[in-house]
file work_18.tsv (TSV, C-alpha atoms)
chain	number	residue	atom	x	y	z
I	1	MET	CA	170.80	-30.85	-87.95
I	2	SER	CA	172.05	-32.43	-91.17
I	3	ALA	CA	169.29	-35.08	-90.98
I	4	ARG	CA	166.59	-32.37	-90.70
I	5	SER	CA	167.96	-30.09	-93.45
I	6	PRO	CA	166.16	-31.79	-96.36
I	7	PHE	CA	162.82	-31.41	-94.52
I	8	TRP	CA	163.29	-27.68	-93.88
I	9	THR	CA	164.51	-27.20	-97.41
I	10	ARG	CA	161.38	-28.84	-98.80
I	11	ARG	CA	159.21	-26.83	-96.39
I	12	PHE	CA	160.85	-23.59	-97.52
I	13	ARG	CA	160.26	-24.49	-101.17
I	14	VAL	CA	156.58	-25.22	-100.47
I	15	HIS	CA	156.19	-21.82	-98.81
I	16	VAL	CA	157.85	-20.07	-101.75
I	17	VAL	CA	155.59	-21.85	-104.27
I	18	ALA	CA	152.48	-21.05	-102.19
I	19	VAL	CA	153.37	-17.35	-101.98
I	20	PHE	CA	154.06	-17.27	-105.72
I	21	LEU	CA	150.70	-18.85	-106.50
I	22	ILE	CA	148.88	-16.38	-104.23
I	23	VAL	CA	150.55	-13.45	-106.00
I	24	VAL	CA	149.69	-14.87	-109.44
I	25	VAL	CA	146.04	-15.49	-108.50
I	26	ALA	CA	145.70	-12.01	-106.99
I	27	ALA	CA	147.25	-10.36	-110.07
I	28	TRP	CA	144.98	-12.35	-112.40
I	29	THR	CA	141.89	-11.45	-110.36
I	30	ILE	CA	142.74	-7.73	-110.49
I	31	TYR	CA	143.34	-7.96	-114.25
I	32	ARG	CA	140.02	-9.70	-114.85
I	33	LEU	CA	138.10	-7.14	-112.79
I	34	GLN	CA	139.71	-4.27	-114.66
I	35	THR	CA	139.05	-5.72	-118.11
I	36	LYS	CA	135.59	-7.07	-117.38
I	37	ILE	CA	134.19	-3.81	-115.99
I	38	PRO	CA	135.77	-0.99	-118.00
I	39	SER	CA	134.60	2.58	-117.53
I	40	PHE	CA	131.73	4.03	-119.55
I	41	PRO	CA	131.41	4.94	-122.40
I	42	ASN	CA	133.88	2.41	-123.78
I	43	SER	CA	132.11	-0.39	-121.94
I	44	GLY	CA	132.71	-3.10	-124.49
I	45	LYS	CA	130.88	-4.10	-127.61
I	46	MET	CA	127.21	-4.92	-127.63
I	47	SER	CA	126.97	-8.69	-128.03
I	48	GLU	CA	124.87	-8.69	-131.19
I	49	GLN	CA	125.66	-9.53	-134.79
I	50	THR	CA	124.05	-6.66	-136.72
I	51	LEU	CA	127.20	-4.57	-137.12
I	52	ASP	CA	129.34	-7.67	-137.63
I	53	TYR	CA	127.14	-8.55	-140.60
I	54	LEU	CA	126.80	-5.05	-142.03
I	55	SER	CA	130.51	-4.28	-141.62
I	56	LYS	CA	131.32	-6.91	-144.23
I	57	GLY	CA	131.01	-4.71	-147.30
I	58	LYS	CA	127.68	-2.98	-146.49
I	59	ILE	CA	128.91	-0.11	-144.30
I	60	LYS	CA	132.36	1.48	-144.20
I	61	GLU	CA	133.21	0.77	-140.59
I	62	ARG	CA	131.75	-0.52	-137.36
I	63	ASP	CA	129.82	2.69	-136.75
I	64	ALA	CA	126.09	2.29	-136.19
I	65	ALA	CA	125.48	5.80	-137.55
I	66	ASN	CA	126.35	4.48	-141.02
I	67	VAL	CA	123.34	2.16	-141.10
I	68	GLU	CA	120.52	3.42	-143.36
I	69	TRP	CA	116.85	2.51	-143.04
I	70	TYR	CA	113.84	2.10	-145.30
I	71	HIS	CA	110.54	2.57	-143.45
I	72	ALA	CA	107.00	1.28	-143.68
I	73	ALA	CA	107.61	-1.31	-146.38
I	74	ASN	CA	104.01	-2.41	-145.86
I	75	SER	CA	102.90	-3.04	-149.46
I	76	LYS	CA	104.15	-4.78	-152.57
I	77	ALA	CA	105.06	-1.42	-154.10
I	78	LYS	CA	106.95	-0.28	-150.99
I	79	ILE	CA	108.90	-3.50	-150.62
I	80	ASN	CA	109.86	-3.27	-154.30
I	81	LYS	CA	111.20	0.26	-153.71
I	82	ALA	CA	113.06	-0.89	-150.62
I	83	LEU	CA	114.80	-3.60	-152.62
I	84	THR	CA	115.52	-1.54	-155.74
I	85	ILE	CA	115.17	2.25	-155.78
I	86	ARG	CA	116.35	2.65	-152.20
I	87	GLY	CA	118.97	-0.01	-152.58
I	88	SER	CA	121.41	1.80	-150.31
I	89	ALA	CA	119.36	1.10	-147.19
I	90	GLN	CA	120.79	-1.83	-145.24
I	91	MET	CA	117.76	-2.32	-142.97
I	92	ILE	CA	114.11	-2.61	-144.03
I	93	GLU	CA	111.39	-1.82	-141.48
I	94	ALA	CA	107.75	-2.87	-141.75
I	95	ASP	CA	104.70	-3.01	-139.47
I	96	ILE	CA	102.80	-6.19	-138.62
I	97	ILE	CA	99.18	-6.58	-137.49
I	98	MET	CA	96.58	-9.31	-137.71
I	99	ARG	CA	94.22	-8.92	-140.65
I	100	GLY	CA	90.92	-7.46	-139.47
I	101	HIS	CA	88.80	-10.06	-141.28
I	102	ASP	CA	89.12	-13.62	-142.51
I	103	PRO	CA	91.48	-15.14	-143.29
I	104	LYS	CA	93.05	-13.98	-140.03
I	105	GLU	CA	96.80	-13.94	-140.55
I	106	PRO	CA	99.73	-11.56	-140.00
I	107	ILE	CA	99.84	-8.81	-142.64
I	108	MET	CA	102.03	-5.79	-143.28
I	109	ALA	CA	100.05	-2.71	-142.23
I	110	HIS	CA	100.03	0.12	-139.71
I	111	PRO	CA	96.89	0.96	-137.71
I	112	PRO	CA	94.29	2.25	-138.40
I	113	GLN	CA	94.62	0.11	-141.54
I	114	THR	CA	93.20	-3.39	-141.17
I	115	ASP	CA	94.22	-4.96	-144.49
I	116	SER	CA	97.14	-5.07	-146.90
I	117	ASP	CA	98.09	-6.41	-150.30
I	118	ILE	CA	100.92	-8.44	-148.79
I	119	THR	CA	100.99	-10.95	-145.94
I	120	PHE	CA	103.95	-11.40	-143.65
I	121	CYS	CA	104.56	-14.80	-145.22
I	122	ASP	CA	104.84	-13.31	-148.73
I	123	TRP	CA	106.82	-10.33	-147.40
I	124	LEU	CA	109.45	-12.69	-146.02
I	125	LYS	CA	109.77	-14.40	-149.39
I	126	GLU	CA	110.47	-11.04	-151.00
I	127	VAL	CA	113.18	-9.89	-148.59
I	128	MET	CA	114.95	-13.14	-147.83
I	129	ALA	CA	117.26	-13.07	-150.85
I	130	SER	CA	118.02	-9.34	-150.63
I	131	GLY	CA	120.78	-9.58	-148.05
I	132	LYS	CA	119.22	-6.67	-146.15
I	133	GLY	CA	118.44	-6.75	-142.47
I	134	ILE	CA	114.81	-6.60	-141.36
I	135	LYS	CA	113.04	-4.83	-138.51
I	136	LEU	CA	109.60	-6.18	-137.66
I	137	ASP	CA	107.49	-3.59	-135.85
I	138	PHE	CA	104.61	-5.30	-134.09
I	139	LYS	CA	101.48	-3.21	-133.64
I	140	SER	CA	99.34	-6.15	-132.56
I	141	LEU	CA	100.05	-8.64	-129.79
I	142	GLN	CA	97.89	-11.22	-131.58
I	143	ALA	CA	100.24	-11.12	-134.57
I	144	VAL	CA	103.41	-11.93	-132.64
I	145	ALA	CA	103.19	-15.70	-132.05
I	146	PRO	CA	102.03	-16.66	-135.59
I	147	SER	CA	104.65	-14.33	-137.08
I	148	MET	CA	107.41	-15.92	-135.02
I	149	GLN	CA	106.24	-19.32	-136.23
I	150	LEU	CA	106.45	-18.16	-139.87
I	151	LEU	CA	109.86	-16.67	-139.17
I	152	GLY	CA	111.04	-19.96	-137.70
I	153	GLU	CA	110.01	-21.83	-140.83
I	154	VAL	CA	112.45	-19.84	-142.99
I	155	ARG	CA	115.35	-19.56	-140.56
I	156	ALA	CA	117.53	-21.92	-142.55
I	157	GLN	CA	117.39	-19.52	-145.51
I	158	LEU	CA	117.41	-16.25	-143.56
I	159	HIS	CA	120.98	-15.14	-142.92
I	160	VAL	CA	120.43	-11.46	-142.18
I	161	PRO	CA	119.97	-9.37	-139.02
I	162	VAL	CA	116.47	-9.64	-137.58
I	163	TRP	CA	115.14	-6.97	-135.22
I	164	ILE	CA	111.87	-7.56	-133.37
I	165	ASN	CA	110.28	-4.29	-132.26
I	166	ALA	CA	107.40	-3.22	-130.04
I	167	ASP	CA	106.55	-0.42	-127.64
I	168	ILE	CA	106.11	-2.25	-124.35
I	169	LEU	CA	106.04	0.55	-121.77
I	170	PRO	CA	104.42	3.98	-121.49
I	171	GLY	CA	106.89	6.78	-122.09
I	172	PRO	CA	107.11	10.58	-122.18
I	173	GLY	CA	103.96	12.06	-123.68
I	174	GLY	CA	102.78	8.63	-124.81
I	175	LYS	CA	99.05	8.25	-125.35
I	176	ALA	CA	98.95	4.97	-127.26
I	177	THR	CA	98.54	1.74	-125.32
I	178	PRO	CA	101.80	-0.26	-125.30
I	179	LEU	CA	101.85	-3.99	-125.91
I	180	GLU	CA	101.90	-5.83	-122.57
I	181	ALA	CA	105.60	-6.45	-121.91
I	182	GLN	CA	105.60	-9.99	-120.54
I	183	ALA	CA	102.97	-11.21	-122.98
I	184	PHE	CA	105.01	-9.83	-125.88
I	185	LEU	CA	108.25	-11.40	-124.68
I	186	GLU	CA	106.57	-14.75	-124.10
I	187	ALA	CA	105.10	-14.66	-127.61
I	188	VAL	CA	108.52	-13.85	-129.09
I	189	GLY	CA	110.12	-16.70	-127.15
I	190	PRO	CA	113.86	-17.31	-126.85
I	191	GLY	CA	114.34	-16.25	-130.45
I	192	HIS	CA	117.34	-17.00	-132.62
I	193	PRO	CA	120.99	-16.28	-131.78
I	194	GLY	CA	121.79	-12.80	-133.03
I	195	ASP	CA	118.21	-11.54	-133.18
I	196	VAL	CA	117.84	-8.10	-131.60
I	197	LEU	CA	114.92	-7.16	-129.40
I	198	SER	CA	113.95	-3.54	-130.05
I	199	LEU	CA	111.97	-2.56	-126.97
I	200	GLY	CA	110.59	0.93	-126.66
I	201	TRP	CA	108.24	3.31	-124.91
I	202	THR	CA	105.13	4.96	-126.31
I	203	THR	CA	105.94	8.66	-126.75
I	204	GLY	CA	104.43	11.94	-127.85
I	205	TRP	CA	105.78	15.32	-128.90
I	206	SER	CA	104.06	18.68	-129.25
I	207	PRO	CA	105.37	22.01	-130.60
I	208	ASN	CA	105.59	25.12	-128.43
I	209	THR	CA	105.56	23.19	-125.19
I	210	ASP	CA	108.00	21.76	-122.68
I	211	ASN	CA	108.11	18.10	-123.72
I	212	PRO	CA	109.31	15.80	-120.92
I	213	GLY	CA	112.18	13.39	-121.46
I	214	TYR	CA	112.67	9.78	-120.41
I	215	SER	CA	112.41	9.78	-116.62
I	216	TRP	CA	114.43	7.73	-114.15
I	217	GLU	CA	111.31	5.73	-113.39
I	218	MET	CA	110.89	4.88	-117.09
I	219	VAL	CA	114.45	3.71	-117.67
I	220	ARG	CA	114.58	1.74	-114.43
I	221	GLU	CA	111.32	-0.01	-115.28
I	222	MET	CA	112.69	-0.90	-118.72
I	223	GLU	CA	115.93	-2.20	-117.23
I	224	GLU	CA	113.97	-4.36	-114.82
I	225	VAL	CA	112.08	-5.90	-117.74
I	226	CYS	CA	115.27	-6.52	-119.73
I	227	ARG	CA	117.68	-7.53	-116.97
I	228	LEU	CA	117.22	-11.29	-117.22
I	229	LEU	CA	116.81	-11.49	-120.99
I	230	LYS	CA	119.64	-13.08	-122.97
I	231	GLN	CA	119.18	-11.37	-126.33
I	232	PRO	CA	120.87	-8.15	-127.40
I	233	ILE	CA	118.46	-5.24	-126.92
I	234	THR	CA	118.20	-1.86	-128.59
I	235	PHE	CA	116.02	0.86	-127.12
I	236	PRO	CA	114.29	3.07	-129.72
I	237	VAL	CA	114.31	6.61	-128.33
I	238	ARG	CA	112.75	9.76	-129.79
I	239	ALA	CA	115.40	12.25	-130.90
I	240	ALA	CA	113.47	15.36	-129.85
I	241	LEU	CA	113.35	14.04	-126.27
I	242	LEU	CA	117.06	13.24	-125.94
I	243	PRO	CA	118.47	16.58	-124.71
I	244	GLN	CA	116.68	16.19	-121.37
I	245	SER	CA	117.36	12.45	-121.10
I	246	TYR	CA	121.15	12.04	-121.33
I	247	ALA	CA	121.77	11.03	-117.70
I	248	GLN	CA	118.96	8.47	-117.74
I	249	LEU	CA	119.79	6.86	-121.09
I	250	SER	CA	123.54	6.76	-120.53
I	251	TRP	CA	122.85	5.05	-117.19
I	252	LEU	CA	120.65	2.52	-118.98
I	253	LEU	CA	123.45	1.64	-121.41
I	254	GLN	CA	125.84	1.11	-118.53
I	255	GLN	CA	123.71	-1.72	-117.15
I	256	SER	CA	124.70	-4.21	-119.87
I	257	ASP	CA	126.88	-4.38	-122.97
I	258	ARG	CA	123.90	-6.09	-124.62
I	259	TYR	CA	122.13	-2.71	-124.74
I	260	SER	CA	122.16	-0.06	-127.45
I	261	LEU	CA	120.04	2.93	-128.53
I	262	THR	CA	118.23	3.55	-131.81
I	263	VAL	CA	117.54	7.26	-132.17
I	264	TRP	CA	114.45	7.93	-134.31
I	265	THR	CA	112.46	11.02	-135.21
I	266	GLY	CA	108.85	11.86	-135.99
I	267	GLN	CA	108.09	13.49	-139.34
I	268	SER	CA	106.88	16.71	-137.68
I	269	ASP	CA	109.27	16.75	-134.71
I	270	GLU	CA	111.46	19.82	-134.30
I	271	LEU	CA	115.03	18.69	-133.71
I	272	ALA	CA	118.25	20.61	-133.18
I	273	VAL	CA	120.82	18.07	-134.33
I	274	GLU	CA	123.41	19.73	-132.08
I	275	ASP	CA	121.53	18.22	-129.15
I	276	LEU	CA	122.60	14.75	-130.30
I	277	LEU	CA	126.33	15.49	-130.03
I	278	PRO	CA	126.71	14.46	-126.34
I	279	TYR	CA	125.51	10.98	-127.32
I	280	ARG	CA	127.75	10.84	-130.38
I	281	GLN	CA	130.82	12.07	-128.51
I	282	ASN	CA	130.52	10.18	-125.22
I	283	ILE	CA	129.07	6.79	-126.10
I	284	ASP	CA	130.70	4.03	-128.14
I	285	LYS	CA	129.76	4.55	-131.80
I	286	SER	CA	128.79	0.90	-132.16
I	287	ARG	CA	126.03	1.36	-129.58
I	288	ILE	CA	123.89	4.14	-131.10
I	289	TYR	CA	121.94	3.82	-134.35
I	290	TYR	CA	120.55	7.03	-135.87
I	291	ASP	CA	117.30	6.58	-137.76
I	292	LEU	CA	116.82	10.22	-138.78
I	293	LEU	CA	115.29	12.08	-141.70
I	294	GLU	CA	117.77	12.47	-144.55
I	295	SER	CA	118.04	16.25	-144.04
I	296	GLN	CA	118.66	15.78	-140.31
I	297	SER	CA	121.23	13.06	-140.90
I	298	ASN	CA	123.15	15.21	-143.39
I	299	ALA	CA	123.15	18.20	-141.03
I	300	PHE	CA	124.23	16.01	-138.11
I	301	ARG	CA	127.21	14.62	-140.02
I	302	LYS	CA	128.42	18.11	-140.91
I	303	LEU	CA	128.60	19.30	-137.31
I	304	PRO	CA	132.02	20.02	-135.80
I	305	GLY	CA	132.69	17.23	-133.36
I	306	TYR	CA	130.57	14.64	-135.16
I	307	SER	CA	133.50	12.40	-136.07
call {"tool": "encode", "arguments": {"input": "work_18.tsv", "output": "structure tokens"}}
result
Amino acid sequence: MSARSPFWTRRFRVHVVAVFLIVVVAAWTIYRLQTKIPSFPNSGKMSEQTLDYLSKGKIKERDAANVEWYHAANSKAKINKALTIRGSAQMIEADIIMRGHDPKEPIMAHPPQTDSDITFCDWLKEVMASGKGIKLDFKSLQAVAPSMQLLGEVRAQLHVPVWINADILPGPGGKATPLEAQAFLEAVGPGHPGDVLSLGWTTGWSPNTDNPGYSWEMVREMEEVCRLLKQPITFPVRAALLPQSYAQLSWLLQQSDRYSLTVWTGQSDELAVEDLLPYRQNIDKSRIYYDLLESQSNAFRKLPGYS
């Protein structure tokens, strides 16, 4: 027995070590599952750099509702206002089409316009040194590839958030023809780390009628398009259609922490800002941007329960 004791002692130690390792691995696996898939709405931070950039002295905290926008900076006069008079806006939005006559090149204009006093190339030169983020709203598929080439040529000097926007799917009440989704994404290409794809639906809204919201079919189709993309993605959604769309849009956000919403409003849309509170209260504040009219934004912020 004394000759076999060392063997059984070693065997016992091996068993103890093996059991210990199994317990450690099991505990670590459970911990990783719990931290990797937290419950909604606090489902982690969207993996994009816009708020990281703007939080450094441009907005008070990492709250996407604090981001302000300047729209339709499609002329020399408008871009000058965006950079001076409306200096508080952190993001500048402009529309891009191909010029309707020679020389054919990307210009800043919104259909039905076909010309502009500023090209995309010159527009970039104006905004590059401003420190403001830019949102490029493509209204023409033909303008995408040459615009991305121009954007690539100034990347070394462009250290601001870049959002690339287009309506790529038909949505509630939408009558306009969306840009073809795969063709648009192929023209954009892999992009630059930190760029945000802003992918939306065509929509419509009419007074004195029951306007439909974003259906399950619409959000599932969008998620299928976006599922394999690597970039952070924000979905521009029409504020007046949100009350009837909470279940669908909250589900969409749950599919990836790369996803966020950008709530926008039409100039003539009727909006009860109280209807936005479920989104504000139940979804991480870093994952919803509010691009509202100034009067709507002020009223929204004053609501009990906003903070």
call {"tool": "residues_around", "arguments": {"input": "work_18.tsv", "residues": "Pro193 (chain I)", "least_positions_apart": "2", "cutoff": "10 Å", "atoms": "all atoms listed in the file", "output": "list in words"}}
result
Glu48, Gln49, Val162, Pro190, Gly191, Asp195, Val196, Lys230, Gln231 and Pro232 of chain I
call {"tool": "atom_distance", "arguments": {"input": "work_18.tsv", "atom1": "CA of Glu153 (chain I)", "atom2": "CA of Trp123 (chain I)"}}
result
13.6 Å
call {"tool": "atom_distance", "arguments": {"input": "work_18.tsv", "atom1": "CA of Met91 (chain I)", "atom2": "CA of Ala72 (chain I)"}}
result
11.4 Å
call {"tool": "atom_distance", "arguments": {"input": "work_18.tsv", "atom1": "CA of Leu292 (chain I)", "atom2": "CA of Leu141 (chain I)"}}
result
26.8 Å
call {"tool": "closest_residue", "arguments": {"input": "work_18.tsv", "among": "I:Ile96, I:Leu197, I:Leu158, I:Leu185", "to": "Gly131 (chain I)", "atoms": "all atoms listed in the file"}}
result
I:Leu158
call {"tool": "residues_around", "arguments": {"input": "work_18.tsv", "residues": "His159 (chain I)", "least_positions_apart": "2", "cutoff": "10 Å", "atoms": "only C-alpha atoms", "output": "list in words"}}
result
Tyr53, Met128, Ala129, Gly131, Lys132, Gly133, Val154, Arg155, Ala156, Gln157, Pro161 and Val162 of chain I
call {"tool": "residues_around", "arguments": {"input": "work_18.tsv", "residues": "Met222 (chain I)", "least_positions_apart": "4", "cutoff": "8 Å", "atoms": "only C-alpha atoms", "output": "ChimeraX atom specification"}}
result
/I:169,218,226
call {"tool": "closest_residue", "arguments": {"input": "work_18.tsv", "among": "I:Asp291, I:Asp269, I:Glu274, I:Glu224", "to": "Leu252 (chain I)", "atoms": "all atoms listed in the file"}}
result
I:Glu224
call {"tool": "closest_residue", "arguments": {"input": "work_18.tsv", "among": "I:Ser256, I:Ser198, I:Ser206, I:Thr262", "to": "Glu223 (chain I)", "atoms": "only C-alpha atoms"}}
result
I:Ser256
call {"tool": "residues_around", "arguments": {"input": "work_18.tsv", "residues": "Ser140 (chain I)", "least_positions_apart": "3", "cutoff": "9 Å", "atoms": "only C-alpha atoms", "output": "MDAnalysis selection string"}}
result
chainID I and resid 96:98 143:144 166 179
call {"tool": "closest_residue", "arguments": {"input": "work_18.tsv", "among": "I:Pro243, I:Pro212, I:Gly194, I:Pro236", "to": "Leu51 (chain I)", "atoms": "all atoms listed in the file"}}
result
I:Gly194
call {"tool": "closest_residue", "arguments": {"input": "work_18.tsv", "among": "I:Ala64, I:Cys121, I:Ala176, I:Met148", "to": "Leu261 (chain I)", "atoms": "only C-alpha atoms"}}
result
I:Ala64
call {"tool": "closest_residue", "arguments": {"input": "work_18.tsv", "among": "I:Asp137, I:Glu68, I:Asp63, I:Asp52", "to": "Asp95 (chain I)", "atoms": "all atoms listed in the file"}}
result
I:Asp137
call {"tool": "residues_around", "arguments": {"input": "work_18.tsv", "residues": "region 101-105 of chain I", "least_positions_apart": "5", "cutoff": "9 Å", "atoms": "all atoms listed in the file", "output": "PyMOL selection string"}}
result
chain I and resi 114-115+119-120+143+146-147
